[in-house]
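Trainee: The structure file coords-v1.csv (CSV, C-alpha atoms and all ligand atoms) is provided below.
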```
chain,number,residue,atom,x,y,z
A,1,MET,CA,0.0,0.0,0.0
A,2,SER,CA,1.4,3.4,-0.9
A,3,SER,CA,-0.7,5.7,1.3
A,4,GLN,CA,1.2,7.1,4.3
A,5,THR,CA,-2.0,7.0,6.4
A,6,PRO,CA,-2.5,3.5,7.7
A,7,TYR,CA,-5.8,1.7,7.2
A,8,LYS,CA,-7.1,0.8,10.7
A,9,VAL,CA,-8.9,-2.4,11.5
A,10,LEU,CA,-10.4,-3.4,14.9
A,11,CYS,CA,-11.2,-7.0,15.7
A,12,VAL,CA,-14.1,-7.4,18.2
A,13,CYS,CA,-15.5,-10.3,20.3
A,14,LEU,CA,-17.3,-10.5,23.6
A,15,GLY,CA,-14.5,-10.6,26.2
A,16,ASN,CA,-11.5,-9.5,24.2
A,17,ILE,CA,-9.4,-12.2,25.9
A,18,CYS,CA,-9.8,-15.2,23.5
A,19,ARG,CA,-11.0,-14.7,19.9
A,20,SER,CA,-10.3,-11.0,19.0
A,21,PRO,CA,-6.8,-10.9,20.5
A,22,THR,CA,-6.0,-14.0,18.5
A,23,ALA,CA,-7.6,-12.4,15.4
A,24,GLU,CA,-5.6,-9.2,16.0
A,25,VAL,CA,-2.2,-11.0,16.1
A,26,VAL,CA,-2.9,-13.4,13.2
A,27,LEU,CA,-4.3,-10.7,10.9
A,28,ARG,CA,-1.3,-8.5,11.7
A,29,HIS,CA,1.0,-11.3,10.9
A,30,TYR,CA,-0.5,-11.8,7.4
A,31,CYS,CA,-0.8,-8.0,6.7
A,32,ASP,CA,2.9,-7.5,7.7
A,33,LYS,CA,3.9,-10.4,5.5
A,34,GLN,CA,2.4,-8.6,2.6
A,35,GLN,CA,3.8,-5.2,3.7
A,36,LEU,CA,0.4,-3.7,4.0
A,37,ASN,CA,0.2,-0.4,5.8
A,38,ILE,CA,-2.5,-1.5,8.2
A,39,VAL,CA,-2.9,-0.9,12.0
A,40,ILE,CA,-4.8,-3.6,13.8
A,41,ASP,CA,-6.2,-3.5,17.3
A,42,SER,CA,-8.9,-5.5,19.2
A,43,ALA,CA,-11.7,-4.9,21.8
A,44,GLY,CA,-14.7,-6.6,23.4
A,45,THR,CA,-18.3,-5.6,23.4
A,46,SER,CA,-18.5,-6.4,27.1
A,47,ASN,CA,-16.6,-4.9,30.0
A,48,TYR,CA,-16.0,-8.3,31.6
A,49,HIS,CA,-12.1,-8.3,31.6
A,50,PRO,CA,-10.8,-4.7,31.2
A,51,GLY,CA,-7.0,-4.5,31.4
A,52,LYS,CA,-6.6,-8.3,31.5
A,53,ALA,CA,-4.1,-10.3,29.3
A,54,PRO,CA,-5.5,-12.8,26.9
A,55,ASP,CA,-6.8,-16.1,28.3
A,56,LEU,CA,-3.8,-18.4,29.1
A,57,ARG,CA,-5.3,-21.1,26.9
A,58,SER,CA,-5.5,-18.7,23.9
A,59,GLN,CA,-1.9,-17.7,24.6
A,60,LYS,CA,-0.7,-21.3,24.8
A,61,TYR,CA,-2.2,-22.5,21.6
A,62,ALA,CA,-1.3,-19.3,19.7
A,63,LEU,CA,2.3,-19.6,20.8
A,64,LYS,CA,2.4,-23.2,19.5
A,65,ARG,CA,1.8,-21.6,16.0
A,66,GLY,CA,4.3,-18.8,16.6
A,67,TYR,CA,1.8,-16.0,17.7
A,68,ASP,CA,2.7,-14.1,20.9
A,69,LEU,CA,-0.4,-12.6,22.5
A,70,SER,CA,1.2,-11.9,25.9
A,71,ALA,CA,1.5,-8.1,25.5
A,72,LEU,CA,-2.2,-7.5,24.7
A,73,ARG,CA,-4.6,-6.1,27.2
A,74,ALA,CA,-8.4,-6.2,27.0
A,75,ARG,CA,-10.6,-3.2,26.6
A,76,GLN,CA,-14.2,-2.4,25.8
A,77,LEU,CA,-15.4,-1.2,22.4
A,78,SER,CA,-16.4,2.5,22.6
A,79,THR,CA,-18.3,4.9,20.3
A,80,GLN,CA,-14.9,6.6,19.6
A,81,ASP,CA,-13.8,3.5,17.8
A,82,PHE,CA,-16.3,4.2,15.0
A,83,ILE,CA,-14.4,7.4,14.3
A,84,ASP,CA,-10.9,6.0,14.8
A,85,PHE,CA,-11.2,2.8,12.7
A,86,ASP,CA,-11.9,2.1,9.0
A,87,LEU,CA,-13.1,-1.4,9.5
A,88,ILE,CA,-14.6,-3.2,12.6
A,89,LEU,CA,-14.6,-7.0,12.3
A,90,ALA,CA,-17.1,-9.0,14.4
A,91,MET,CA,-16.1,-12.5,15.4
A,92,ASP,CA,-19.7,-13.8,15.6
A,93,HIS,CA,-23.3,-12.7,14.8
A,94,GLU,CA,-24.0,-11.6,18.4
A,95,ASN,CA,-20.9,-9.4,18.4
A,96,LEU,CA,-22.1,-8.0,15.0
A,97,PHE,CA,-25.5,-7.2,16.5
A,98,ASN,CA,-24.0,-5.5,19.5
A,99,ILE,CA,-21.5,-3.5,17.4
A,100,GLN,CA,-24.4,-2.3,15.2
A,101,ALA,CA,-26.3,-1.2,18.3
A,102,LEU,CA,-23.3,0.8,19.5
A,103,LEU,CA,-22.9,2.3,16.0
A,104,ALA,CA,-26.5,3.7,16.4
A,105,GLN,CA,-25.4,5.2,19.7
A,106,ALA,CA,-22.2,6.7,18.0
A,107,GLN,CA,-24.4,8.2,15.2
A,108,ALA,CA,-26.5,9.9,17.8
A,109,GLU,CA,-23.5,11.1,19.7
A,110,TYR,CA,-21.4,12.4,16.8
A,111,ALA,CA,-22.0,14.0,13.5
A,112,GLY,CA,-22.5,11.2,11.0
A,113,SER,CA,-19.6,12.5,8.9
A,114,GLN,CA,-17.1,11.8,11.6
A,115,ILE,CA,-18.0,8.1,11.6
A,116,ARG,CA,-15.9,6.1,9.1
A,117,ALA,CA,-16.0,2.5,10.3
A,118,LYS,CA,-17.5,-0.2,8.1
A,119,ILE,CA,-18.7,-3.3,10.0
A,120,ALA,CA,-18.3,-6.9,8.7
A,121,LEU,CA,-17.8,-10.4,10.0
A,122,MET,CA,-14.3,-11.8,10.4
A,123,SER,CA,-15.4,-14.6,8.0
A,124,GLU,CA,-17.1,-12.2,5.5
A,125,TYR,CA,-14.9,-13.2,2.5
A,126,ASP,CA,-13.6,-16.5,3.8
A,127,GLN,CA,-14.7,-19.2,1.3
A,128,THR,CA,-13.9,-22.0,3.9
A,129,TYR,CA,-16.0,-20.5,6.7
A,130,LEU,CA,-18.1,-18.1,4.7
A,131,LYS,CA,-20.1,-15.8,7.1
A,132,GLN,CA,-19.8,-18.4,9.8
A,133,ALA,CA,-19.3,-17.5,13.5
A,134,LEU,CA,-16.0,-17.9,15.1
A,135,PRO,CA,-17.2,-20.0,18.0
A,136,ASP,CA,-16.6,-18.8,21.5
A,137,PRO,CA,-14.0,-21.2,23.1
A,138,TYR,CA,-14.1,-19.8,26.6
A,139,TYR,CA,-16.2,-22.6,28.2
A,140,GLY,CA,-14.9,-25.4,26.0
A,141,GLY,CA,-11.9,-27.6,25.5
A,142,GLU,CA,-8.7,-27.3,23.6
A,143,ASP,CA,-10.3,-28.0,20.2
A,144,GLY,CA,-12.2,-24.7,20.5
A,145,PHE,CA,-8.9,-22.8,20.8
A,146,LYS,CA,-7.4,-24.6,17.9
A,147,ARG,CA,-10.5,-23.9,15.8
A,148,VAL,CA,-10.2,-20.2,16.6
A,149,LEU,CA,-6.6,-20.3,15.3
A,150,ASP,CA,-7.6,-22.2,12.1
A,151,GLN,CA,-10.5,-19.8,11.4
A,152,CYS,CA,-8.4,-16.7,12.2
A,153,GLU,CA,-5.7,-17.9,9.8
A,154,SER,CA,-8.2,-18.7,7.0
A,155,SER,CA,-10.2,-15.5,7.4
A,156,SER,CA,-7.1,-13.3,7.7
A,157,LEU,CA,-5.8,-14.7,4.4
A,158,ALA,CA,-9.2,-13.8,2.8
A,159,TRP,CA,-9.1,-10.3,4.2
A,160,VAL,CA,-5.5,-9.7,3.0
A,161,SER,CA,-6.5,-10.5,-0.5
A,162,VAL,CA,-9.5,-8.0,-0.2
A,163,PHE,CA,-7.2,-5.3,1.2
A,164,LYS,CA,-4.7,-5.8,-1.6
A,165,GLN,CA,-7.5,-5.4,-4.2
A,166,GLN,CA,-8.8,-2.3,-2.4
A,167,PHE,CA,-5.4,-0.7,-2.2
A,168,GLN,CA,-4.6,-1.5,-5.9
A,169,GLN,CA,-7.9,0.1,-6.9
A,170,GLN,CA,-7.2,3.2,-4.8
A,171,PHE,CA,-3.7,3.5,-6.2
A,172,LYS,CA,-5.1,3.2,-9.8
A,173,GLN,CA,-7.6,5.9,-9.1
A,174,GLN,CA,-4.9,8.2,-7.8
A,175,ILE,CA,-2.9,7.6,-11.0
A,176,ASP,CA,-6.0,8.1,-13.2
A,177,VAL,CA,-6.6,11.5,-11.5
A,178,LYS,CA,-3.0,12.7,-12.1
A,201,LIG,P1,-14.0,-14.0,23.8
A,201,LIG,O1,-14.3,-15.2,24.9
A,201,LIG,O2,-15.3,-13.3,23.6
A,201,LIG,O3,-13.5,-14.8,22.6
A,201,LIG,O4,-12.9,-13.2,24.5
A,201,LIG,C1,-15.0,-15.0,26.1
A,201,LIG,C2,-14.2,-14.6,27.2
A,201,LIG,C3,-14.9,-14.4,28.4
A,201,LIG,C4,-16.2,-14.6,28.5
A,201,LIG,C5,-17.0,-14.9,27.4
A,201,LIG,C6,-16.4,-15.1,26.2
A,201,LIG,N1,-16.9,-14.4,29.8
A,201,LIG,O5,-18.1,-14.7,29.9
A,201,LIG,O6,-16.2,-14.0,30.8
```
What does the file become when written as C-alpha cells?
Mentor:
Amino acid sequence: MSSQTPYKVLCVCLGNICRSPTAEVVLRHYCDKQQLNIVIDSAGTSNYHPGKAPDLRSQKYALKRGYDLSALRARQLSTQDFIDFDLILAMDHENLFNIQALLAQAQAEYAGSQIRAKIALMSEYDQTYLKQALPDPYYGGEDGFKRVLDQCESSSLAWVSVFKQQFQQQFKQQIDVK
C-alpha cells in the first residue's frame, strides 16, 4: 500500500481475551507479511475483563503456532472506535448485532460524517468458513482454541486479498486523476 495514512482495523469479540486478540495478532502477521500499511487492534463488546491479558489457553495454543499474545490487554469497544477505525470485524453474529447497536449510539453522539468505520464479519470473505461465526472457546476444551486459530488464519488470508485489491484500486484511481 502506498498511502502514508494506515488503514485501521479493529477485531471485536465479547470478552477481548480469546477470539479478538487471536484475530488481531494473526491478521497483523499476514498483513505485515504482505507489507500492507494496516494498523490492527482489538476490543470486546463487554466490560468483563478490562486490562486483562489474553486467556492463558489462547496464549498457549497461539504460541504453538508462533503467535505471541502476551503483551495485549483487554478493553471495551467504545463509540470513539467508529471514528478511529476504518473497519470493525465481528467474530460472531451476536458481536455483529452489539457492534451495530453501539454504532447507532455513536451516530446519535457524533455528527454522521465523523464516523468512518465499516462493519463486517471476520469470516465475511472466507470461502472456507463463509459468514460463519468464530465459535466462543471460553467454556470449552482445547479443540475450540485450535479452531479459533484455524479460522483466524483462514479468514485473515481472505481479508489480506481483499485489502490488496482495495489498495490497488485506490492506487489506480490516484494515478488516473494525475
Ligand atoms: P472471547 O471469549 O469473547 O472470545 O474473548 C470470552 C471470554 C470471556 C467470557 C466470554 C467469552 N466471559 O463470559 O467471561
Trainee: Which residues sit within 6 Å of ligand LIG 201 (chain A), counting only C-alpha atoms and all ligand atoms, listed as number ranges by chain?
Mentor: A: 13-19, 48, 136, 138
Trainee: Take the selection from the previous step and output its residues with C-alpha atoms, as a PDB file, in the coordinates of the input.
Mentor:
```pdb
ATOM      1  CA  CYS A  13     -15.500 -10.300  20.300  1.00  0.00           C
ATOM      2  CA  LEU A  14     -17.300 -10.500  23.600  1.00  0.00           C
ATOM      3  CA  GLY A  15     -14.500 -10.600  26.200  1.00  0.00           C
ATOM      4  CA  ASN A  16     -11.500  -9.500  24.200  1.00  0.00           C
ATOM      5  CA  ILE A  17      -9.400 -12.200  25.900  1.00  0.00           C
ATOM      6  CA  CYS A  18      -9.800 -15.200  23.500  1.00  0.00           C
ATOM      7  CA  ARG A  19     -11.000 -14.700  19.900  1.00  0.00           C
ATOM      8  CA  TYR A  48     -16.000  -8.300  31.600  1.00  0.00           C
ATOM      9  CA  ASP A 136     -16.600 -18.800  21.500  1.00  0.00           C
ATOM     10  CA  TYR A 138     -14.100 -19.800  26.600  1.00  0.00           C
TER      11      TYR A 138
END
```
Trainee: In Å, rounded to a single decimal, give me how far CA of Leu121 (chain A) is from CA of Glu94 (chain A).
Mentor: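 A separation of 10.5 Å between them.
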Trainee: Within 9 Å of Arg28 (chain A), counting only C-alpha atoms, which residues qualify if same-chain residues fewer than 3 places away don't, as a PyMOL selection string?
Mentor: chain A and resi 23-25+31-33+38-41+156
Trainee: For a cutoff of 6 Å around the file-coordinate point (-15.7, -19.8, 10.6), which residues qualify once you count only C-alpha atoms? I'd like the result as a list in words.
Mentor: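 Output of the proximity query reads Ser123, Tyr129, Gln132, Ala133, Leu134 and Gln151 of chain A.
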Trainee: Give me the residues within 9 Å of Ile83 (chain A) as a PDB file with C-alpha atoms, in the frame of the given file, counting all atoms listed in the file and dropping any in the same chain fewer than 4 places off.
Mentor:
```pdb
ATOM      1  CA  THR A  79     -18.300   4.900  20.300  1.00  0.00           C
ATOM      2  CA  ALA A 106     -22.200   6.700  18.000  1.00  0.00           C
ATOM      3  CA  TYR A 110     -21.400  12.400  16.800  1.00  0.00           C
ATOM      4  CA  GLN A 114     -17.100  11.800  11.600  1.00  0.00           C
ATOM      5  CA  ILE A 115     -18.000   8.100  11.600  1.00  0.00           C
ATOM      6  CA  ARG A 116     -15.900   6.100   9.100  1.00  0.00           C
ATOM      7  CA  ALA A 117     -16.000   2.500  10.300  1.00  0.00           C
TER       8      ALA A 117
END
```
Trainee: As an exercise, work out the distance from CA of Ser20 (chain A) to CA of Gly44 (chain A) in Å and give it to one decimal place.
Mentor: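 Spanning CA of Ser20 (chain A) to CA of Gly44 (chain A) is a straight-line distance of 7.6 Å.
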Trainee: Could you give me, as number ranges by chain, the residues that have an atom at most 12 Å away from the point (-14.2, 5.5, 15.0) in the coordinates of the file, using all atoms listed in the file?
Mentor: A: 8-10, 77-88, 99, 102-103, 106-107, 109-119
Trainee: Using only C-alpha atoms, please write the residues we just selected to a file, as a PDB file, in the coordinates of the input.
Mentor:
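Okay, part.pdb is ready:
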```
ATOM      1  CA  LYS A   8      -7.100   0.800  10.700  1.00  0.00           C
ATOM      2  CA  VAL A   9      -8.900  -2.400  11.500  1.00  0.00           C
ATOM      3  CA  LEU A  10     -10.400  -3.400  14.900  1.00  0.00           C
ATOM      4  CA  LEU A  77     -15.400  -1.200  22.400  1.00  0.00           C
ATOM      5  CA  SER A  78     -16.400   2.500  22.600  1.00  0.00           C
ATOM      6  CA  THR A  79     -18.300   4.900  20.300  1.00  0.00           C
ATOM      7  CA  GLN A  80     -14.900   6.600  19.600  1.00  0.00           C
ATOM      8  CA  ASP A  81     -13.800   3.500  17.800  1.00  0.00           C
ATOM      9  CA  PHE A  82     -16.300   4.200  15.000  1.00  0.00           C
ATOM     10  CA  ILE A  83     -14.400   7.400  14.300  1.00  0.00           C
ATOM     11  CA  ASP A  84     -10.900   6.000  14.800  1.00  0.00           C
ATOM     12  CA  PHE A  85     -11.200   2.800  12.700  1.00  0.00           C
ATOM     13  CA  ASP A  86     -11.900   2.100   9.000  1.00  0.00           C
ATOM     14  CA  LEU A  87     -13.100  -1.400   9.500  1.00  0.00           C
ATOM     15  CA  ILE A  88     -14.600  -3.200  12.600  1.00  0.00           C
ATOM     16  CA  ILE A  99     -21.500  -3.500  17.400  1.00  0.00           C
ATOM     17  CA  LEU A 102     -23.300   0.800  19.500  1.00  0.00           C
ATOM     18  CA  LEU A 103     -22.900   2.300  16.000  1.00  0.00           C
ATOM     19  CA  ALA A 106     -22.200   6.700  18.000  1.00  0.00           C
ATOM     20  CA  GLN A 107     -24.400   8.200  15.200  1.00  0.00           C
ATOM     21  CA  GLU A 109     -23.500  11.100  19.700  1.00  0.00           C
ATOM     22  CA  TYR A 110     -21.400  12.400  16.800  1.00  0.00           C
ATOM     23  CA  ALA A 111     -22.000  14.000  13.500  1.00  0.00           C
ATOM     24  CA  GLY A 112     -22.500  11.200  11.000  1.00  0.00           C
ATOM     25  CA  SER A 113     -19.600  12.500   8.900  1.00  0.00           C
ATOM     26  CA  GLN A 114     -17.100  11.800  11.600  1.00  0.00           C
ATOM     27  CA  ILE A 115     -18.000   8.100  11.600  1.00  0.00           C
ATOM     28  CA  ARG A 116     -15.900   6.100   9.100  1.00  0.00           C
ATOM     29  CA  ALA A 117     -16.000   2.500  10.300  1.00  0.00           C
ATOM     30  CA  LYS A 118     -17.500  -0.200   8.100  1.00  0.00           C
ATOM     31  CA  ILE A 119     -18.700  -3.300  10.000  1.00  0.00           C
TER      32      ILE A 119
END
```
Trainee: Between CA of Arg73 (chain A) and CA of Pro50 (chain A), what is the distance, to one decimal in Å?
Mentor: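 Computed distance, CA of Arg73 (chain A) to CA of Pro50 (chain A), equals 7.5 Å.
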Trainee: Taking into account only C-alpha atoms, which residue in the set A:Tyr125, A:Asn95, A:Val12, A:Ala53 is nearest to Val162 (chain A)?
Mentor: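 Among A:Tyr125, A:Asn95, A:Val12, A:Ala53, it is A:Tyr125 that comes nearest to Val162 (chain A).
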Trainee: Tell me which protein, DNA and RNA residues are within 10 Å of Ser154 (chain A), counting all atoms listed in the file, leaving out same-chain ones fewer than 6 positions away, and put them as an MDAnalysis selection string.
Mentor: chainID A and resid 26:27 122:123 125:129 148
Trainee: Hey, which of A:Leu69, A:Leu36, A:Leu149, A:Ala43 ends up closest to Asp55 (chain A)? Count only C-alpha atoms.
Mentor: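 Closest to Asp55 (chain A), using only C-alpha atoms: A:Leu69.
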Trainee: Can you take the partial region 4-15 of chain A, add all heavy atoms, and return it as a PDB file, in the coordinates of the input?
Mentor:
```
ATOM      1  N   GLN A   4       0.425   6.996   3.083  1.00  0.00           N
ATOM      2  CA  GLN A   4       1.200   7.100   4.300  1.00  0.00           C
ATOM      3  C   GLN A   4       0.243   6.934   5.542  1.00  0.00           C
ATOM      4  O   GLN A   4       0.694   6.665   6.641  1.00  0.00           O
ATOM      5  CB  GLN A   4       1.905   8.420   4.393  1.00  0.00           C
ATOM      6  CG  GLN A   4       3.041   8.444   3.374  1.00  0.00           C
ATOM      7  CD  GLN A   4       3.898   9.668   3.488  1.00  0.00           C
ATOM      8  OE1 GLN A   4       3.476  10.659   4.074  1.00  0.00           O
ATOM      9  NE2 GLN A   4       5.083   9.609   2.942  1.00  0.00           N
ATOM     10  N   THR A   5      -1.070   7.183   5.343  1.00  0.00           N
ATOM     11  CA  THR A   5      -2.000   7.000   6.400  1.00  0.00           C
ATOM     12  C   THR A   5      -2.417   5.557   6.522  1.00  0.00           C
ATOM     13  O   THR A   5      -2.956   5.022   5.557  1.00  0.00           O
ATOM     14  CB  THR A   5      -3.289   7.865   6.196  1.00  0.00           C
ATOM     15  OG1 THR A   5      -2.882   9.178   5.868  1.00  0.00           O
ATOM     16  CG2 THR A   5      -4.191   7.860   7.399  1.00  0.00           C
ATOM     17  N   PRO A   6      -2.156   4.919   7.652  1.00  0.00           N
ATOM     18  CA  PRO A   6      -2.500   3.500   7.700  1.00  0.00           C
ATOM     19  C   PRO A   6      -4.025   3.288   7.706  1.00  0.00           C
ATOM     20  O   PRO A   6      -4.772   4.107   8.248  1.00  0.00           O
ATOM     21  CB  PRO A   6      -1.878   3.003   8.992  1.00  0.00           C
ATOM     22  CG  PRO A   6      -1.628   4.207   9.815  1.00  0.00           C
ATOM     23  CD  PRO A   6      -1.524   5.382   8.888  1.00  0.00           C
ATOM     24  N   TYR A   7      -4.451   2.207   7.110  1.00  0.00           N
ATOM     25  CA  TYR A   7      -5.800   1.700   7.200  1.00  0.00           C
ATOM     26  C   TYR A   7      -5.945   1.077   8.574  1.00  0.00           C
ATOM     27  O   TYR A   7      -5.024   0.368   9.002  1.00  0.00           O
ATOM     28  CB  TYR A   7      -6.052   0.749   6.064  1.00  0.00           C
ATOM     29  CG  TYR A   7      -7.457   0.249   5.885  1.00  0.00           C
ATOM     30  CD1 TYR A   7      -8.417   1.044   5.260  1.00  0.00           C
ATOM     31  CD2 TYR A   7      -7.820  -1.034   6.300  1.00  0.00           C
ATOM     32  CE1 TYR A   7      -9.701   0.571   5.065  1.00  0.00           C
ATOM     33  CE2 TYR A   7      -9.109  -1.514   6.107  1.00  0.00           C
ATOM     34  CZ  TYR A   7     -10.038  -0.703   5.483  1.00  0.00           C
ATOM     35  OH  TYR A   7     -11.305  -1.173   5.284  1.00  0.00           O
ATOM     36  N   LYS A   8      -7.059   1.321   9.288  1.00  0.00           N
ATOM     37  CA  LYS A   8      -7.100   0.800  10.700  1.00  0.00           C
ATOM     38  C   LYS A   8      -8.282  -0.177  10.849  1.00  0.00           C
ATOM     39  O   LYS A   8      -9.433   0.115  10.510  1.00  0.00           O
ATOM     40  CB  LYS A   8      -7.323   2.021  11.633  1.00  0.00           C
ATOM     41  CG  LYS A   8      -6.079   2.918  11.679  1.00  0.00           C
ATOM     42  CD  LYS A   8      -6.229   4.022  12.698  1.00  0.00           C
ATOM     43  CE  LYS A   8      -6.121   3.527  14.110  1.00  0.00           C
ATOM     44  NZ  LYS A   8      -6.293   4.595  15.113  1.00  0.00           N
ATOM     45  N   VAL A   9      -7.932  -1.335  11.372  1.00  0.00           N
ATOM     46  CA  VAL A   9      -8.900  -2.400  11.500  1.00  0.00           C
ATOM     47  C   VAL A   9      -8.985  -2.816  13.016  1.00  0.00           C
ATOM     48  O   VAL A   9      -7.955  -2.964  13.690  1.00  0.00           O
ATOM     49  CB  VAL A   9      -8.440  -3.674  10.725  1.00  0.00           C
ATOM     50  CG1 VAL A   9      -9.440  -4.808  10.882  1.00  0.00           C
ATOM     51  CG2 VAL A   9      -8.260  -3.320   9.253  1.00  0.00           C
ATOM     52  N   LEU A  10     -10.211  -2.993  13.491  1.00  0.00           N
ATOM     53  CA  LEU A  10     -10.400  -3.400  14.900  1.00  0.00           C
ATOM     54  C   LEU A  10     -11.173  -4.731  14.921  1.00  0.00           C
ATOM     55  O   LEU A  10     -12.258  -4.860  14.336  1.00  0.00           O
ATOM     56  CB  LEU A  10     -11.282  -2.313  15.593  1.00  0.00           C
ATOM     57  CG  LEU A  10     -11.531  -2.509  17.086  1.00  0.00           C
ATOM     58  CD1 LEU A  10     -10.225  -2.409  17.876  1.00  0.00           C
ATOM     59  CD2 LEU A  10     -12.536  -1.482  17.607  1.00  0.00           C
ATOM     60  N   CYS A  11     -10.591  -5.721  15.580  1.00  0.00           N
ATOM     61  CA  CYS A  11     -11.200  -7.000  15.700  1.00  0.00           C
ATOM     62  C   CYS A  11     -11.996  -7.061  17.042  1.00  0.00           C
ATOM     63  O   CYS A  11     -11.443  -6.686  18.087  1.00  0.00           O
ATOM     64  CB  CYS A  11     -10.139  -8.128  15.756  1.00  0.00           C
ATOM     65  SG  CYS A  11      -9.108  -8.154  14.277  1.00  0.00           S
ATOM     66  N   VAL A  12     -13.251  -7.503  16.987  1.00  0.00           N
ATOM     67  CA  VAL A  12     -14.100  -7.400  18.200  1.00  0.00           C
ATOM     68  C   VAL A  12     -14.814  -8.736  18.487  1.00  0.00           C
ATOM     69  O   VAL A  12     -15.425  -9.352  17.604  1.00  0.00           O
ATOM     70  CB  VAL A  12     -15.161  -6.286  17.986  1.00  0.00           C
ATOM     71  CG1 VAL A  12     -16.166  -6.271  19.141  1.00  0.00           C
ATOM     72  CG2 VAL A  12     -14.486  -4.923  17.877  1.00  0.00           C
ATOM     73  N   CYS A  13     -14.708  -9.165  19.767  1.00  0.00           N
ATOM     74  CA  CYS A  13     -15.500 -10.300  20.300  1.00  0.00           C
ATOM     75  C   CYS A  13     -16.216  -9.888  21.530  1.00  0.00           C
ATOM     76  O   CYS A  13     -16.420  -8.685  21.749  1.00  0.00           O
ATOM     77  CB  CYS A  13     -14.594 -11.536  20.481  1.00  0.00           C
ATOM     78  SG  CYS A  13     -13.320 -11.295  21.744  1.00  0.00           S
ATOM     79  N   LEU A  14     -16.582 -10.830  22.373  1.00  0.00           N
ATOM     80  CA  LEU A  14     -17.300 -10.500  23.600  1.00  0.00           C
ATOM     81  C   LEU A  14     -16.356 -10.005  24.705  1.00  0.00           C
ATOM     82  O   LEU A  14     -16.487  -8.903  25.234  1.00  0.00           O
ATOM     83  CB  LEU A  14     -18.128 -11.692  24.069  1.00  0.00           C
ATOM     84  CG  LEU A  14     -18.853 -11.580  25.406  1.00  0.00           C
ATOM     85  CD1 LEU A  14     -19.909 -10.469  25.371  1.00  0.00           C
ATOM     86  CD2 LEU A  14     -19.519 -12.910  25.775  1.00  0.00           C
ATOM     87  N   GLY A  15     -15.386 -10.851  25.052  1.00  0.00           N
ATOM     88  CA  GLY A  15     -14.500 -10.600  26.200  1.00  0.00           C
ATOM     89  C   GLY A  15     -13.215  -9.896  25.915  1.00  0.00           C
ATOM     90  O   GLY A  15     -12.554  -9.374  26.799  1.00  0.00           O
TER      91      GLY A  15
END
```
